[in-house]
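Novice: Input start.tsv, format and content: TSV, C-alpha atoms.
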```
chain	number	residue	atom	x	y	z
A	753	MET	CA	19.10	45.93	1.23
A	754	ILE	CA	17.60	43.62	3.83
A	755	LYS	CA	13.89	44.09	4.30
A	756	HIS	CA	12.45	43.31	7.71
A	757	PRO	CA	8.79	42.98	8.71
A	758	SER	CA	7.12	46.34	9.31
A	759	ILE	CA	5.56	47.44	12.56
A	760	LYS	CA	2.38	48.05	10.51
A	761	MET	CA	2.33	44.36	9.60
A	762	ALA	CA	2.65	43.41	13.30
A	763	GLU	CA	-0.12	45.90	14.14
A	764	ASN	CA	-2.38	44.37	11.48
A	765	ILE	CA	-1.81	40.91	12.96
A	766	GLY	CA	-2.67	42.22	16.42
A	767	ARG	CA	-5.77	44.12	15.42
A	768	GLU	CA	-7.14	41.43	13.06
A	769	ASN	CA	-6.71	38.74	15.74
A	770	GLU	CA	-7.73	40.88	18.75
A	771	GLN	CA	-4.31	40.59	20.39
A	772	ARG	CA	-2.71	43.13	22.72
A	773	GLN	CA	0.92	42.24	21.95
A	774	VAL	CA	2.63	40.77	18.90
A	775	ILE	CA	6.19	39.50	18.48
A	776	VAL	CA	6.98	38.51	14.88
A	777	LEU	CA	10.04	36.39	14.16
A	778	THR	CA	11.08	36.00	10.51
A	779	TRP	CA	14.08	34.74	8.58
A	780	ASP	CA	14.85	36.10	5.10
A	781	GLY	CA	17.30	33.32	4.21
A	782	GLU	CA	20.26	35.20	5.63
A	783	VAL	CA	19.16	37.24	8.65
A	784	THR	CA	16.59	36.65	11.40
A	785	HIS	CA	14.38	39.61	12.30
A	786	ILE	CA	12.17	40.39	15.31
A	787	THR	CA	9.43	43.00	15.06
A	788	THR	CA	7.15	43.90	17.98
A	789	TRP	CA	3.89	45.81	18.43
A	790	GLY	CA	1.64	46.60	21.37
A	791	LYS	CA	-1.88	48.02	21.59
A	792	SER	CA	-1.05	50.41	24.45
A	793	ILE	CA	2.17	52.03	25.60
A	794	GLU	CA	2.47	49.37	28.32
A	795	ASP	CA	1.82	46.60	25.79
A	796	CYS	CA	4.46	48.08	23.47
A	797	ALA	CA	7.02	48.06	26.28
A	798	GLN	CA	6.18	44.48	27.26
A	799	ALA	CA	6.30	43.22	23.65
A	800	ALA	CA	9.66	44.97	23.13
A	801	ALA	CA	10.96	43.43	26.37
A	802	GLY	CA	9.86	40.02	25.11
A	803	GLY	CA	11.61	40.57	21.79
A	804	ASN	CA	14.76	41.72	23.60
A	805	MET	CA	14.62	38.65	25.85
A	806	LEU	CA	14.59	36.41	22.76
A	807	LYS	CA	17.53	38.30	21.25
A	808	GLN	CA	19.48	38.04	24.51
A	809	LYS	CA	18.83	34.29	24.82
A	810	TRP	CA	20.12	33.83	21.25
A	811	GLY	CA	23.19	35.97	21.94
A	812	TRP	CA	22.28	38.77	19.51
A	813	PRO	CA	24.00	42.14	19.89
A	814	GLU	CA	21.88	44.75	21.65
A	815	CYS	CA	20.16	47.27	19.40
A	816	ASN	CA	17.10	49.47	19.49
A	817	ASP	CA	15.90	49.91	15.92
A	818	GLN	CA	12.70	51.92	15.66
```
What is this file in structure tokens?
Specialist:
Amino acid sequence: MIKHPSIKMAENIGRENEQRQVIVLTWDGEVTHITTWGKSIEDCAQAAAGGNMLKQKWGWPECNDQ
């Protein structure tokens, strides 16, 4: 089973570094993963839009994993 970065990890990065939005890009050796987090509902939406923009630019299929 492929393990991707957790939203909790992205939240920890944001809170520990006083950031409002976090986009985490990782590669497990086989698959690239994007995880996003935002401090507010608006920040969440903007971070997710940023993550989706990266996926679109790289030609990834559209998905909405939660």
Novice: What gap, in Å, lies between atom CA of Glu763 of chain A and atom CA of Gly790 of chain A?
Specialist: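 Here the two named atoms are 7.5 Å from each other.
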Novice: With 10 Å as the cut-off and only C-alpha atoms counted, what is the closest atom pair between each nearby residue of segment 761-785 of chain A and segment 791-812 of chain A? Distances in Å to one decimal, ordered by chain and number, as CSV.
Specialist:
```
residue,atom,partner,partner_atom,distance
A:Glu763,CA,A:Lys791,CA,7.9
A:Gly766,CA,A:Lys791,CA,7.8
A:Arg767,CA,A:Lys791,CA,8.3
A:Glu770,CA,A:Lys791,CA,9.7
A:Gln771,CA,A:Lys791,CA,7.9
A:Arg772,CA,A:Lys791,CA,5.1
A:Gln773,CA,A:Ala799,CA,5.7
A:Val774,CA,A:Ala799,CA,6.5
A:Ile775,CA,A:Ala799,CA,6.4
A:Val776,CA,A:Gly803,CA,8.6
A:Leu777,CA,A:Gly803,CA,8.8
A:His785,CA,A:Lys807,CA,9.6
```
Novice: Between atom CA of Lys760 of chain A and atom CA of Gly781 of chain A, what is the distance in Å, rounded to a tenth?
Specialist: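 The value is 21.9 Å.
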Novice: So how far away is atom CA of Pro813 of chain A from atom CA of Thr787 of chain A, in Å?
Specialist: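 Atom CA of Pro813 of chain A lies 15.4 Å from atom CA of Thr787 of chain A.
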